[in-house]
Structure formats: C-alpha cells, structure tokens
Amino acid sequence: MNTSLTNGARLFAAGLRALLVLTVVTGIVYPLVVTGLAQGLFPGRANGSEVTADGGGVVGSSLIGQAYNLPLRDGQETPQPDLKWFQGRPRNGLGTNSVNTRYDLILSGATNRSADDAELLGWVKEAKAAVVKDNSVPGHPVRPEDVPADAVTSSGSGLDPDISPQYADLQVRRVAEKNGLPAARVQRLVDEHTSSRTLGFIGEPRVNVLELNIALRDLVAPAAGR
Amino acid sequence: MSPVLAGVLQLLALMAALALAYVPLGNYLARVYTSHTHLRVEKWIYKGIGADPDTEMRWPAYLRGLLAFSLAGVLFLYLLQRLQGVLPGSLGFAAIDPDQAFNTAVSFVSNTNWQSYYGEQAMGHVVQTAGLAVQNFVSAAVGIAVAVALVRGFARSRTGELGNFWADLVRGVVRVLVPLAVVGAVLLVACGVIQNFSGIHEVGQFMGGSQQWNGGAVASQEVIKELGTNGGGYFNANSAHPFENPTPFTNLFEIFLILLVPVALTRTFGVMVGSVRQGYAILGTMATIWLAFVGLMMWTEFAHHGPALQAAGGALEGKEVRFGIGGSSIFAVSTTLTSTGAVDSFHSSFTGLGGGITLLGMMLGEIAPGGVGSGLYGMLVMAVIAVFIAGLMVGRTPEYLGKKIGTREIKYAACYLLITPALVLVLTAAAMALPTPGDSMTNSGAHGFSEILYAYTSAANNNGSAFAGLNADTQWFNTTLGLAMLLGRFVPMVFVLALAGSLAGQQPVPATQGTLRTEKPLFTGLLVGAVLIITGLTYFPALALGPLAEGLA
C-alpha cells in the first residue's frame, strides 16, 4: 500500500513537472514569439484592424459590425435605425456582460433559435416588413421577395461587418433620397465597395458596411457645406 | 457563379490542399515517432520532467504516465481559474465558480473544449494563454501518442512494449504542433486575426460613442484550437467572430487546419505498419463518410427547409455573410466529424436535417477523419470490429495487419465502442427525467430534446460544439457534462492501450489466400458499412425523438 502510494506520488510529480515545462514552451514562449512576429509584421491587423475617418479619430474596426441607429428618445426601448446610413444585419444574438459588470463589453453570439422556432419566425417577418417599409421610396416599392436572407437574419457572431451586395443595392434609393444624392452616384459607391469572392470562388460577395458608410459620409460632407 | 458551385469549388480546393500535404506530413510524422535521436530542446525538457525518453513502456506504464499527466493538467487548470481573481494580467476578472472551473478544466484536458462560459467576459490573458491554450497543445499531443501506441501494437511483434509516453508527448508538441502553429498563427494575423496583450479598451464608433473590446492572444490560440481539433474559442462566438475568423480565406484555412493532422496520420499508420495502402484504405473510409456528410449538409442548407428559414429566403440565421452557406456547411461537417467543436456558424439554427447531420457526425465516434490521434485509433478499433464481422461471415478466425483478432482483442474493442453511447444515452435520459435540467432549454419540443442530446453527445465524444440554446452553466450540466467528457476521453484510451499491448505481444500470422485483404476498396466498403450500421442501431431511437421528428414535421 505504502509503496504504491509513493509510486503514485512520484508519477504524479513527473506529470506535474511535464505540464509545467510544456506550459513554459506552449503557454509563455510560443504566444510571446507569435505576438512579437505579429506586432512586428502586421501591427494594424494584430491590434484589431481599426479604421480612422478623415478627422483622425477611430470609428471602429473594419472587421466588427456596428449599429447605425438614432439616439434613444425618452420612452423608447429599442433605438430606431438612422436611415441616412446603410444598415447592417440584425443583431439579435448579441448579449451584454453578466459577470465583471464594471465593463460594458459586447458578448458575441447567435440567437441559437431553431428553424421552427415561433419567435425567430416573428423576428424574421418583422425585419422583412421593416426592410420593405424603410426602403420603399415613391415610385420604387420594394417587393418582399426581393429582400435577401441576410437582411432579416442575425449572424453567428452578431458582429457581422458585411451585408450581401443585394441588400446594399436594395438600400441605395433610400440612402440617396435621405442624403439628397443622385441614386446613380450612391449605386456607384456600393459597386466600388463590393468585394467579390476571394480568388473567384472562396466565400461570398459582400459589402463592408462601415467602409461604405465612411465613403458615403465623405461624399455627403462637402454637399452639406462642411 | 452560383453559391452552390462556389461551395463545391471550395470543397475541391480543400481536398487538393490536403492531398498535397498528405505524403510529406504523414511521412514526417512517421519519422518523428520512430526516430531514436533527441533534439537539444527535448533533452532539456526530459531533464525537467526527470524521465528517460528511451525506456520502453508496456501498456500499463504508458497509461499510468498519460493519466498522471492529464490529472496534473486538470488540477493545474482548475487552480488557475479559481485563482484568477488574484493573478496579475487577468484584466481584473474574478475567479471562476467551482463547478464551472471543474467543467472547463476537464473540458480542455480531454480535448473537448466544451465551454459553459463566455470567453470575453470570463477568462483573462493568463488563463487563456498559459492555461487553456497549453491544453490545446498537450491534449492533442496525448491523442496522437495513444494513436501511435496502437499503431506500434500492430507494427511490433512478440513484445509488449509500446514506446515511451513522455517521448511521444514531447515530440508531438515540439516537432509537430508548435512549428505548424507558429506558421499558421502568423498567416492568420496577416488576414486580420488579432494578437496582442492589451486590456479592454474603448474604441470609437461611426455614430459617436464607443464600444469596449477585449484584446488578446487570439491568433496563437486560434491556430492550435483548429490544428489540435480542440475547438474552444477565445470569444463566445468562436470561429464566427471576425477577430477569430476574419475572411473567407481564413475560414477555408481553418477547416484545412482541422483536417490536416487527422488525415495525415493515416499515412503515418501506413508507413509504420509497412504498407501505405493500408493507410489509403482507412483514409478512403474517412473520406467517403466526410464527403457524403458534406454533400448532404450543403443540400439541406441550400434547400433551407423550416418555417423561419423559408420566411427569410435562405438559411443564413447564425451564419456570416462572408462564409456563406457553402463555407459554413463544410466547416460544420468537418468540426463534428473531428473532435473539434469549433463553429463558424451556429448549428442550432441549421435546418432540422442539418442539425441532425452534425449530431450524427459526432455519434459516429468522430472517426472521419476524427480528432488528432483519436480519429485514427477510433477508426482502427472499428476496423477490428469490421474484420471480426467479416470473419464471422466466412467462419474464419479474423486477422488484421497480420495479427489475430481473438477473444481478448474483441472484448477490448467492444468495451471501447460501448462507453460513449452508454454515457450519452444514460445521461440524456437522466436529464430529461429529472425536473430541473429541462429548464435550461431555449427551444421547446423536439428541438429542446435535441439540445440536451447534442450536449451529452458532444461531451462524451469530446467534441465541444453545442446547440448553444442550452444554458449549460448550471451545477447539473457543469458536473454531468464534465463527467461525460472525462470518462468519454480516458476510459476508451484504457481499452485502446490494452488492445495495443495485446496486439504487440502476438506472433504475426502469415497472410494466406484466405486472409481478408484489408487494403482493398472492398474492405473500405465494409468498414463504412460497419461504422454506419453500428452507430445507426445505437442512436436511432434517440435521433428519431429529436432531429428526425423536427426535420419531418
């Protein structure tokens, strides 16, 4: 009994030493080397691909989707979209931190609702009605069947920075009208900011909403006499 | 180009990349695990451990080393989380509760990486980098070690010796995983994955105001999370988060990393047993199942059945625009047919059939191509069963790779096969029968049942993905899922090593005319059939209550 206990303890000690040595290799040296290479070679990317606008201030990351909403008014629970700007996808899966609440972190995530979930069906229908209503301009009504799926579904991360080119095209007339620009000019802006599939076949074509809105603001600003 | 065609082309590109890496990496792995020399850094490590890497171990000694190492891993990771509140460099995050810390420690040591916590609000730099990411490396190296020990059992004769656990562990980390991870991590950073140690910082927004973000050593963890088929995300959204998986290319690259080592190990197996064609037969089995699953998944996701998806006009709920349905489908199948469990889209919002495919993939035992190491040893155990079935059909003593499959070998293989289903079905039944666990379900009805079945399937098979609607941060789920992960990882390893020891002790039997040719396509067909039939019979009733009921509704 005693010898088996001693043997067990000796073996555990070997296991623990192995763990500690390998922690030094893979938990300290390896991440520091990678961080050094990353910060040396690609500092912008390694720090979150932050985007600065013309004023020089950071306006977000090109990788992280944002909300383009009007400020909350008294009595309102959910903010209204600011229709001057291109809108991203719904973000029903996002959460806020429940532990360490001194921070105001955004918790990435999806809704995890199933395809036959009644509430998800309700969200989709509501979102579709809103997209149709918001984007229909006099003489150019939007038909429900023209609304692409990404416009009415939440993404996996809740932080999807992109929309489909179809959804961007759908918003062109509304954005043009709200900003007093010709629709053709806004359409050209969308086309310029549409990325095709990588190497022609990887992923899907997409439009980065933040970059598009920055370009739109640049277009609008002189017109507004700034 | 249509999205379907783009999806198929991505599939072909992925297969081409894996084919290119197959021979060089497989041969390299075989050299690593048969070499008699030690690198200088390895000698330092052996000195630190106090182990002689040249001592041959019989299976009980090999197992004891493995269990001692893993026990140390669980305790260390548990303590690290419990002490987080006082550790420097933890962003001021508090200690993790005992039940969740136990669950997470077991989860990462068992290569499962089930997560009942939100990465961005719970785990600081120290726990993520020096705790969780370390287990991503070493739990993967342990899996490869066990697979290599089983292969040695087939390759060696008249000896009970299976190699040295410490040498296999250290070589897996130093010569295989770390070099691949460094290259992969730098590539990921080049595409936009973050890699820094900054704290939580305010970032200005387009409309004014600001957001708070975590910094972190994400790229270094992301790459080994895929390469070691671990799957535990830095952020809650896992590989759907743009900081973990920023572009369509990184998505394809991460799928490649998931499949790379499990696929190449079939070559290593072939080289080590002296017939690369035996490796092709095993690879053929894995590839057949994987391709069939990807095909089915793409079909059902593009067809987007289900009321909400029909109303939306596409199955994009829980999916990112940049990956699309094609990329998400390949990822979902690859992560559940290996023991990875990383997700780039959320399986709970897939079509009923699509969710069922992810579930079935795990139920097959994750052997096509499976986790690093665990996929190969799982498939080899299945091959033992398949030759046994074939032997019964013709009334001959079954043999595989020149070794007799006798009573003892079959007992070990059968015990291996029974553990996981027993854990999944008993615990699922218990959770459904008790009054409170059901409160954790987000969805009701068949999908709610699927959430719980998925959780136990994922845990016992060491996958770690989830129908994440389930609120698993309760004492019941943290504890029972923790036990399922622990038993589902280490009890099968006991039987694999026992089987390896038994095989290594045998005399080889010469192949005769009556020997089943296990390197032929016929055997691949037999093996595919055995895998599907055995799993189908085990899980069909449970699947009928969950995804089948939902898919047919």
# chains A, B, ... in the order shown; residues from 1 in each chain; ligands from 1
>>> residues_around(residues="range 183-195 of chain A", least_positions_apart="2", cutoff="8 Å", atoms="only C-alpha atoms", output="list of chain:residue names")
A:Pro165, A:Ala168, A:Asp169, A:Val172, A:Arg173, A:Val175, A:Ala176, A:Glu177, A:Leu181, A:Arg197, A:Pro205, A:Arg206, A:Val207, A:Asn208, A:Glu211, A:Leu212, A:Ala215, A:Leu216
>>> residues_around(residues="Ser155 in chain A", least_positions_apart="5", cutoff="12 Å", atoms="only C-alpha atoms", output="VMD selection string")
(chain A and resid 64 to 65 88 to 94 108 to 113 149 to 150 160 to 163) or (chain B and resid 237 240 to 242 315 to 325 328 344 to 346 349)
>>> write_last_selection(atoms="N, CA and C atoms", output="short mmCIF file (atom, residue, chain, number, x, y, z; two decimals), in the first residue's frame")
data_model
loop_
_atom_site.label_atom_id
_atom_site.label_comp_id
_atom_site.auth_asym_id
_atom_site.auth_seq_id
_atom_site.Cartn_x
_atom_site.Cartn_y
_atom_site.Cartn_z
N ILE A 64 -15.51 44.49 -37.42
CA ILE A 64 -16.58 44.35 -36.44
C ILE A 64 -17.77 45.21 -36.85
N GLY A 65 -18.91 44.59 -36.99
CA GLY A 65 -20.11 45.31 -37.38
C GLY A 65 -20.58 46.26 -36.28
N GLY A 88 -26.68 47.42 -41.33
CA GLY A 88 -26.13 46.06 -41.33
C GLY A 88 -27.20 45.03 -41.03
N ARG A 89 -26.77 43.84 -40.66
CA ARG A 89 -27.71 42.76 -40.39
C ARG A 89 -28.32 42.90 -38.99
N PRO A 90 -29.46 42.26 -38.74
CA PRO A 90 -30.00 42.23 -37.37
C PRO A 90 -28.98 41.62 -36.42
N ARG A 91 -29.07 41.98 -35.14
CA ARG A 91 -28.07 41.52 -34.16
C ARG A 91 -28.75 40.95 -32.94
N ASN A 92 -29.71 40.06 -33.16
CA ASN A 92 -30.49 39.54 -32.03
C ASN A 92 -29.69 38.63 -31.10
N GLY A 93 -28.53 38.17 -31.57
CA GLY A 93 -27.78 37.23 -30.75
C GLY A 93 -26.81 37.89 -29.78
N LEU A 94 -26.64 39.21 -29.90
CA LEU A 94 -25.66 39.87 -29.03
C LEU A 94 -26.12 39.91 -27.59
N SER A 108 -20.30 38.48 -28.06
CA SER A 108 -20.63 37.98 -29.38
C SER A 108 -21.50 36.74 -29.24
N GLY A 109 -22.29 36.46 -30.25
CA GLY A 109 -23.11 35.25 -30.18
C GLY A 109 -24.27 35.26 -31.15
N ALA A 110 -24.90 34.10 -31.27
CA ALA A 110 -26.03 33.93 -32.19
C ALA A 110 -27.30 33.76 -31.39
N THR A 111 -28.43 33.79 -32.08
CA THR A 111 -29.71 33.60 -31.38
C THR A 111 -29.89 32.15 -30.96
N ASN A 112 -29.30 31.23 -31.73
CA ASN A 112 -29.45 29.80 -31.48
C ASN A 112 -30.89 29.33 -31.55
N ARG A 113 -31.75 30.11 -32.21
CA ARG A 113 -33.13 29.67 -32.38
C ARG A 113 -33.19 28.68 -33.53
N ALA A 149 -31.84 37.13 -47.68
CA ALA A 149 -31.94 36.48 -46.36
C ALA A 149 -31.07 37.17 -45.32
N ASP A 150 -29.91 37.71 -45.73
CA ASP A 150 -29.02 38.29 -44.72
C ASP A 150 -29.62 39.55 -44.09
N ASP A 160 -21.33 40.60 -37.56
CA ASP A 160 -21.02 40.50 -38.98
C ASP A 160 -20.81 41.90 -39.57
N PRO A 161 -19.62 42.19 -40.10
CA PRO A 161 -19.37 43.52 -40.63
C PRO A 161 -19.95 43.73 -42.03
N ASP A 162 -20.41 42.64 -42.64
CA ASP A 162 -20.78 42.69 -44.05
C ASP A 162 -22.28 42.50 -44.26
N ILE A 163 -22.73 42.96 -45.42
CA ILE A 163 -24.04 42.57 -45.94
C ILE A 163 -23.83 42.09 -47.38
N ALA B 237 -18.51 33.68 -29.65
CA ALA B 237 -18.99 33.30 -30.98
C ALA B 237 -18.02 32.38 -31.70
N ALA B 240 -16.93 32.10 -35.56
CA ALA B 240 -17.79 33.03 -36.29
C ALA B 240 -17.36 34.47 -36.00
N HIS B 241 -16.63 34.67 -34.89
CA HIS B 241 -16.20 36.03 -34.51
C HIS B 241 -15.17 36.53 -35.52
N PRO B 242 -15.37 37.75 -36.03
CA PRO B 242 -14.44 38.25 -37.05
C PRO B 242 -12.99 38.34 -36.57
N ALA B 315 -30.98 30.00 -45.50
CA ALA B 315 -30.57 29.51 -44.18
C ALA B 315 -29.38 30.33 -43.67
N LEU B 316 -29.59 31.62 -43.45
CA LEU B 316 -28.48 32.48 -43.01
C LEU B 316 -28.55 32.84 -41.53
N GLU B 317 -29.58 32.35 -40.82
CA GLU B 317 -29.63 32.60 -39.38
C GLU B 317 -28.43 31.90 -38.72
N GLY B 318 -27.64 32.67 -37.97
CA GLY B 318 -26.47 32.08 -37.31
C GLY B 318 -25.28 31.88 -38.24
N LYS B 319 -25.37 32.39 -39.48
CA LYS B 319 -24.24 32.28 -40.40
C LYS B 319 -23.75 33.66 -40.80
N GLU B 320 -22.47 33.76 -41.11
CA GLU B 320 -21.85 35.03 -41.50
C GLU B 320 -21.93 35.18 -43.02
N VAL B 321 -22.12 36.43 -43.47
CA VAL B 321 -22.21 36.69 -44.91
C VAL B 321 -20.93 36.25 -45.63
N ARG B 322 -19.75 36.55 -45.01
CA ARG B 322 -18.51 36.30 -45.75
C ARG B 322 -18.26 34.82 -46.02
N PHE B 323 -18.75 33.92 -45.13
CA PHE B 323 -18.53 32.49 -45.37
C PHE B 323 -19.60 31.90 -46.28
N GLY B 324 -20.82 32.42 -46.15
CA GLY B 324 -21.92 31.89 -46.94
C GLY B 324 -22.32 30.51 -46.47
N ILE B 325 -23.28 29.93 -47.21
CA ILE B 325 -23.81 28.64 -46.81
C ILE B 325 -22.82 27.52 -47.13
N SER B 328 -19.89 27.55 -44.58
CA SER B 328 -20.40 27.18 -43.26
C SER B 328 -20.72 25.68 -43.19
N ASP B 344 -18.14 28.01 -37.10
CA ASP B 344 -18.14 29.30 -37.78
C ASP B 344 -19.57 29.73 -38.06
N SER B 345 -20.53 28.93 -37.58
CA SER B 345 -21.96 29.22 -37.75
C SER B 345 -22.66 28.36 -36.71
N PHE B 346 -23.87 28.73 -36.34
CA PHE B 346 -24.45 28.10 -35.16
C PHE B 346 -25.43 26.98 -35.50
N SER B 349 -29.31 26.72 -35.34
CA SER B 349 -30.18 27.39 -36.31
C SER B 349 -30.09 26.78 -37.71
#
>>> closest_residue(among="B:Leu497, B:Ile45, B:Leu359, B:Ala61", to="Ala18 in chain A", atoms="only C-alpha atoms")
B:Ile45
>>> residues_around(residues="Ala127 in chain A", least_positions_apart="5", cutoff="9 Å", atoms="only C-alpha atoms", output="PyMOL selection string")
chain A and resi 90+122+132+151-153
>>> write_last_selection(atoms="N, CA and C atoms", output="PDB file, in the first residue's frame")
ATOM      1  N   PRO A  90     -29.464  42.262 -38.740  1.00  0.00           N
ATOM      2  CA  PRO A  90     -29.999  42.231 -37.374  1.00  0.00           C
ATOM      3  C   PRO A  90     -28.976  41.624 -36.420  1.00  0.00           C
ATOM      4  N   GLY A 122     -41.177  35.155 -36.001  1.00  0.00           N
ATOM      5  CA  GLY A 122     -41.704  36.502 -35.776  1.00  0.00           C
ATOM      6  C   GLY A 122     -40.660  37.572 -36.073  1.00  0.00           C
ATOM      7  N   VAL A 132     -38.859  46.322 -46.056  1.00  0.00           N
ATOM      8  CA  VAL A 132     -39.723  46.733 -47.169  1.00  0.00           C
ATOM      9  C   VAL A 132     -40.188  48.171 -46.974  1.00  0.00           C
ATOM     10  N   ALA A 151     -30.595  40.170 -44.770  1.00  0.00           N
ATOM     11  CA  ALA A 151     -31.194  41.394 -44.243  1.00  0.00           C
ATOM     12  C   ALA A 151     -32.138  41.122 -43.078  1.00  0.00           C
ATOM     13  N   VAL A 152     -32.579  39.866 -42.942  1.00  0.00           N
ATOM     14  CA  VAL A 152     -33.612  39.571 -41.944  1.00  0.00           C
ATOM     15  C   VAL A 152     -33.167  38.491 -40.952  1.00  0.00           C
ATOM     16  N   THR A 153     -31.914  38.059 -41.033  1.00  0.00           N
ATOM     17  CA  THR A 153     -31.420  37.045 -40.100  1.00  0.00           C
ATOM     18  C   THR A 153     -30.224  37.596 -39.337  1.00  0.00           C
TER      19      THR A 153
END
>>> residues_around(residues="Ser70 in chain B", least_positions_apart="4", cutoff="12 Å", atoms="only C-alpha atoms", output="NGL selection string")
(:A and (11-19)) or (:B and (63-66 or 74-77 or 105-111 or 135 or 138-143 or 169 or 486 or 489-490))
>>> atom_distance(atom1="CA of Ala433 in chain B", atom2="CA of Ala542 in chain B")
14.3 Å
>>> select_by_dssp(residues="range 3-205 of chain B", states="alpha helix (DSSP H)", output="VMD selection string")
chain B and resid 3 to 34 40 to 49 59 to 82 98 to 109 119 to 122 125 to 126 133 to 155 165 to 171 178 to 191
>>> atom_distance(atom1="CA of Phe269 in chain B", atom2="CA of Met57 in chain B")
19.8 Å
>>> residues_around(residues="range 514-517 of chain B", least_positions_apart="6", cutoff="9 Å", atoms="only C-alpha atoms", output="JSON, numbers by chain")
{"B": [387, 390, 391, 396, 398, 399, 400, 523]}
>>> residues_around(residues="range 175-178 of chain B", least_positions_apart="4", cutoff="7 Å", atoms="only C-alpha atoms", output="PyMOL selection string")
chain B and resi 137+171+182
>>> residues_around(residues="Leu543 in chain B", least_positions_apart="4", cutoff="9 Å", atoms="only C-alpha atoms", output="VMD selection string")
chain B and resid 356 359 to 360 450 453 539 547 to 549
>>> write_last_selection(atoms="N, CA and C atoms", output="tab-separated table (two decimals), in the first residue's frame")
chain	number	residue	atom	x	y	z
B	356	GLY	N	-29.23	17.55	-37.50
B	356	GLY	CA	-29.12	16.11	-37.30
B	356	GLY	C	-27.82	15.56	-37.86
B	359	LEU	N	-25.07	16.20	-35.46
B	359	LEU	CA	-25.24	15.29	-34.32
B	359	LEU	C	-24.75	13.89	-34.69
B	360	LEU	N	-25.19	13.41	-35.86
B	360	LEU	CA	-24.80	12.07	-36.30
B	360	LEU	C	-23.29	11.97	-36.49
B	450	SER	N	-33.26	17.79	-28.66
B	450	SER	CA	-32.01	17.75	-29.42
B	450	SER	C	-30.92	18.55	-28.71
B	453	LEU	N	-29.62	16.20	-26.02
B	453	LEU	CA	-28.93	15.05	-26.64
B	453	LEU	C	-27.61	15.51	-27.25
B	539	TYR	N	-28.03	4.68	-31.94
B	539	TYR	CA	-28.61	6.00	-31.66
B	539	TYR	C	-29.94	6.27	-32.35
B	547	PRO	N	-33.88	15.30	-33.97
B	547	PRO	CA	-33.80	15.91	-35.29
B	547	PRO	C	-34.71	15.29	-36.34
B	548	LEU	N	-34.93	13.97	-36.27
B	548	LEU	CA	-35.80	13.37	-37.29
B	548	LEU	C	-37.22	13.88	-37.13
B	549	ALA	N	-37.69	13.93	-35.88
B	549	ALA	CA	-39.04	14.44	-35.64
B	549	ALA	C	-39.15	15.88	-36.12
